[in-house]
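**Q** Following this message is one structure expressed as structure tokens.
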Amino acid sequence: MPLNPRRTPRRYRLLGWLLLGWLAVLPARADIRDDDSQVGLPGSLRYAPLTTSAPESLQAAQRELQLAEGGSPGTTGGAHTRMATVLLQLHRYDQALGHAQKALRFYQEAGKPTASSWLLLGRVRFAQGDTGRARVSYVQALQQFGRLHDATAEAHTYEHLADLYASERNWGAALNNYQRAYGIWQRLGNLRSAAVTLHAIGRMHLEQHHFSRAVYYLRQSAEQATALHDSVGVAYALHSAGEAYATVVGNQEVALGYYTRALGQLPRHATPAELAATLYESLARGNVALGNADVAERYLAKAQPLVQRAGSKARLAQVFQRLSDLYRQRGEVAPALTALSRYVSLQDSAAAERRAEQVAELRTRYETEKKEREIQLLIKKREVQEANLRRQKLARNVLAVGTVLLLLTVVALHRGRKEQLRVNLLLERQNAAISRQKEELDRLNRTKDTLFSVISHDLRSPLSSLYSLLTLLSMGTLPPEKIAQHTDRLSRTLDTTLRLLDNMLNWAATQMQGAGPRTEYFRLDAIAEECLTLLLGDAERKNIMVLNHLREEHPVRADLNMTRLVLRNLLSNAIKFTPSGGTVTLSATRQGKWWQVAVRDTGVGIAPADYTKIFGEAGHHTTLGTAREKGTGLGLRLCKDFVERNGGQLTFESEEGRGSTFRFTVLAAEPSVAPAPDAVRGRSLGAGPGVAPSVAAE
């Protein structure tokens with residue numbers, strides 16, 4: 001016999017109802033959870049289930065309703081909500097329906113949210129067995145809870161709707177709504193409600209004979225209930241898993257194991273009587289199936305007082321029927337006859353109760369429909385009255401015309417305000433453009449100042465030396481060996497000056513004109529050979545060995561002139577800061593789609609304090625070389641700018657007194673599309689792309 005929804009403990013009524021669905025057709029239920037009465041109600045109207053006696057709760061609700069009459073619609077609606085909920089808990093459904101409908105109307109008149117009223121109306125109609133209208137009420141509640149972003153109430157409503165579909169044995173629709181509720185509980189972190197809903201999902205899969213999925217969800221429910229120290233929830237989940245093995249697989253031994261574990265989970269005090277009775281009945285069925293008649297009889301004897309205490313005559317009749325069958329199988333005629341007699345008498349009483357309930361349900365539906373028709377008539381009367389009022393309001397058209405003129409004036413003022421805002425926005429944009437132009441001019445001025453500083457500082461000395469040497473030559477008093485010495489010195493000074501001018505012009509072009517790179521395909525090894533040939537004289541004078549490890553083709557895709565300048569500056573710096581007898585090494589390694597080019601020297605290195613000054617970010621910075629060579633202060637700054645413009649990065653490592661290594665990356669290309677640059681194509685450089693010759697200084 002199905003579990004009686006009006007007597008089941010509130011907290012696990014859903015679980016008990018699903019559990020006993022295997023024993024008979026699922027019943028319509030009035031209420032299933034411990035917090036249903038609090039779902040979606042306005043703040044002051046939320047309250048807990050009845051904790052006092054039924055008469056006291058009813059009297060309190062009646063007093064509240066009397067005080068609210070004649071007050072605001074919102075207060076009156078709240079009082080009717082309270083009364084409807086109390087009557088629903090007392091199973092007086094026809095009276096509860098009337099108060100729920102009045103609460104809905106008062107909330108509508110007050111302009112307050114009606115989601116909780118729709119949910120309460122659906123619960124009452126579901127308790128009456130009117131599933132069609134209950135479904136409509138639940139859908140209305142869901143839509144409004146969604147607009148109110150009340151996720152908790154929305155999850156409860158999905159569970160109510162799932163219960164309704166389950167009562168109609170529409171397992172697929174019920175499963176879908178339980179899954180929606182479970183998703184919300186997970187998002188809210190409500191693990192207790194999630195565990196209960198997991199059990200419901202498992203039962204829905206079980207009803208559809210999805211054995212593996214049913215067992216999976218039931219085990220998940222048991223694990224979550226265990227983590228929450230909810231022994232009753234664990235017992236329900238274990239019993240359902242046992243039902244899955246017993247009914248779908250037919251494995252009674254495993255099912256009995258689950259039943260026994262579930263029985264062991266029940267608390268010693270305040271044990272749910274209906275759950276204990278259900279477990280005893282399930283153990284009895286399993287032992288009957290295995291031929292253990294004596295054990296089955298003991299379990300049925302334990303279940304009988306619990307079922308009798310619950311007051312369900314139909315279910316008690318089933319217990320006596322099973323006892324009669326057991327006695328008859330063992331040949332005990334007298335006990336079998338006694339049990340059968342009790343079964344017949346209880347069946348008659350249960351049938352009479354069902355007929356009385358059906359008659360009461362029909363009477364309730366009739367009265368409900370009658371009240372609905374009366375409400376429709378009242379609505380029509382009110383519409384007629386409203387039409388009369390509209391006719392009386394025609395005299396107010398003059399005032400309406402004045403209102404329209406006022407609105408037109410407001411619209412004109414609004415348009416003027418919008419135009420003013422548009423003009424202000426345009427001015428703000430122009431100011432922003434002026435600010436950007438000012439920043440660009442400031443940047444160009446800084447570039448100009450840098451150029452003038454370099455020119456005044458670095459060009460003055462070589463030009464003065466040139467002037468002095470030309471003066472000495474014009475006097476004609478120098479011996480030939482001195483003239484040769486000064487000529488060599490002048491050549492090196494002019495070479496340094498030309499490199500300074502080259503770097504300054506290139507850097508100025510990139511800074512002031514914003515010139516971008518011209519990407520083309522060429523061979524990096526050819527560029528390296530060209531640069532080494534140009535710098536070979538400097539290396540020979542300082543007795544420096546230059547090693548070139550670019551032995552094979554290294555095709556790249558970048559700006560040719562920028563890459564040539566970067567490589568030439570890095571090699572020139574390495575030679576400049578390497579003492580006599582040192583070594584400069586050029587190499588390249590492939591890293592994915594990039595070539596990483598490294599220029600390593602055994603020179604003086606860089607002091608840690610100068611790391612931040614190397615690329616000119618902290619201002620103009622230059623140092624003398626190992627042979628007192630002067631620098632331009634722009635070389636590395638220009639190299640970093642050119643490398644980054646081609647998408648690469650320039651980094652360095654250095655240890656003072658042990659040399660430095662500068663690395664930059666350049667995009668690699670396929671060998672077939674990377675020709676040698678025109679500057680070195682078809683030209684032999686003697687040493688080839690292997691190791692550059694070691695040259696002794698003079």
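In the structure tokens, each chain is lettered A, B, ... as it comes, each chain's residues begin at 1, and ligands are numbered from 1 in order of appearance.
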Which residues come within 9 Å of region 176-178 of chain A, counting only C-alpha atoms, excluding same-chain residues fewer than 3 positions away, as a ChimeraX atom specification?

**A** /A:155,158-163,165,171-173,181-183,197-198,200-201,204

**Q** Just want the 10 Å neighbourhood of Val556 (chain A), counted on only C-alpha atoms, with same-chain residues fewer than 2 positions away dropped. Output as a PDB file with C-alpha atoms, in the first residue's frame.

**A**
```pdb
ATOM      1  CA  THR A 519      59.585  42.348 -44.561  1.00  0.00           C
ATOM      2  CA  GLU A 520      61.451  40.199 -47.100  1.00  0.00           C
ATOM      3  CA  TYR A 521      63.114  36.786 -47.309  1.00  0.00           C
ATOM      4  CA  PHE A 522      66.942  36.546 -47.164  1.00  0.00           C
ATOM      5  CA  ARG A 523      69.775  34.422 -45.752  1.00  0.00           C
ATOM      6  CA  LEU A 524      71.055  35.361 -42.326  1.00  0.00           C
ATOM      7  CA  ASP A 525      74.377  33.570 -42.918  1.00  0.00           C
ATOM      8  CA  GLU A 553      71.812  28.387 -44.862  1.00  0.00           C
ATOM      9  CA  HIS A 554      69.770  30.280 -42.276  1.00  0.00           C
ATOM     10  CA  ALA A 558      62.455  40.265 -41.678  1.00  0.00           C
ATOM     11  CA  ASP A 559      63.566  43.757 -42.697  1.00  0.00           C
ATOM     12  CA  LEU A 560      66.971  43.337 -44.378  1.00  0.00           C
ATOM     13  CA  THR A 563      68.665  43.091 -39.426  1.00  0.00           C
ATOM     14  CA  LYS A 593      59.580  29.197 -35.890  1.00  0.00           C
ATOM     15  CA  TRP A 594      62.425  31.515 -34.768  1.00  0.00           C
ATOM     16  CA  TRP A 595      66.179  31.730 -35.179  1.00  0.00           C
ATOM     17  CA  VAL A 666      64.283  36.683 -35.960  1.00  0.00           C
ATOM     18  CA  LEU A 667      61.474  34.846 -37.772  1.00  0.00           C
ATOM     19  CA  ALA A 668      62.678  31.778 -39.715  1.00  0.00           C
ATOM     20  CA  ALA A 669      61.670  31.056 -43.343  1.00  0.00           C
ATOM     21  CA  GLU A 670      61.766  28.081 -45.663  1.00  0.00           C
ATOM     22  CA  PRO A 671      65.152  27.605 -47.390  1.00  0.00           C
ATOM     23  CA  VAL A 673      62.232  31.165 -50.471  1.00  0.00           C
ATOM     24  CA  ALA A 674      65.193  32.908 -48.786  1.00  0.00           C
ATOM     25  CA  PRO A 675      67.759  34.210 -51.327  1.00  0.00           C
TER      26      PRO A 675
END
```

**Q** Taking 4 positions as the minimum chain separation for residues in the same chain, which residues sit within 9 Å of region 52-68 of chain A when counting only C-alpha atoms? Answer as a PyMOL selection string.

**A** chain A and resi 72-73+75-80+82-84+86-87+89-90

**Q** As a list of chain:residue names, which residues of region 538-568 of chain A does DSSP assign to helix (DSSP H, G or I)?

**A** A:Asp538, A:Ala539, A:Glu540, A:Arg541, A:Leu560, A:Asn561, A:Met562, A:Thr563, A:Arg564, A:Leu565, A:Val566, A:Leu567, A:Arg568

**Q** Can you list, as number ranges by chain, every protein, DNA or RNA residue that comes within 8 Å of Ala222 (chain A) when you count only C-alpha atoms, leaving out same-chain residues fewer than 2 positions away?

**A** A: 195, 218-220, 224-226, 233-235, 237-238

**Q** Kindly give the distance, in Å, that separates CA of Pro267 (chain A) and CA of His199 (chain A), rounded to a single decimal.

**A** 19.6 Å

**Q** What gap, in Å, lies between CA of Thr589 (chain A) and CA of Phe662 (chain A)?

**A**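 Between these atoms lies a distance of 13.5 Å.
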
**Q** One number please: CA of Ala96 (chain A) to CA of Arg133 (chain A), in Å, one decimal.

**A**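 Interatomic distance, CA of Ala96 (chain A) to CA of Arg133 (chain A): 15.1 Å.
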
**Q** If we count only C-alpha atoms, what is near Thr665 (chain A) at a cut-off of 10 Å, once residues fewer than 5 positions away on the same chain are taken out, given as a list in words?

**A**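 Listed by chain and then number, they are Ala588, Thr589, Arg590, Gln591, Lys593, Trp594, Trp595, Gln596, Val597, Ala598, Val643, Glu644, Asn646, Gly647, Gly648, Gln649, Leu650 and Thr651 of chain A.
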
**Q** Skip Trp118 (chain A) itself and residues of its chain fewer than 4 positions away, then list as a count of residues only all residues within 8 Å of it, counting only C-alpha atoms.

**A** 7

**Q** Of the residues A:Arg315, A:Arg390, A:Arg187, A:Arg192, which is the one nearest to Glu223 (chain A), using only C-alpha atoms?

**A**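 Answer, going by the shortest atom-to-atom distance: A:Arg192.
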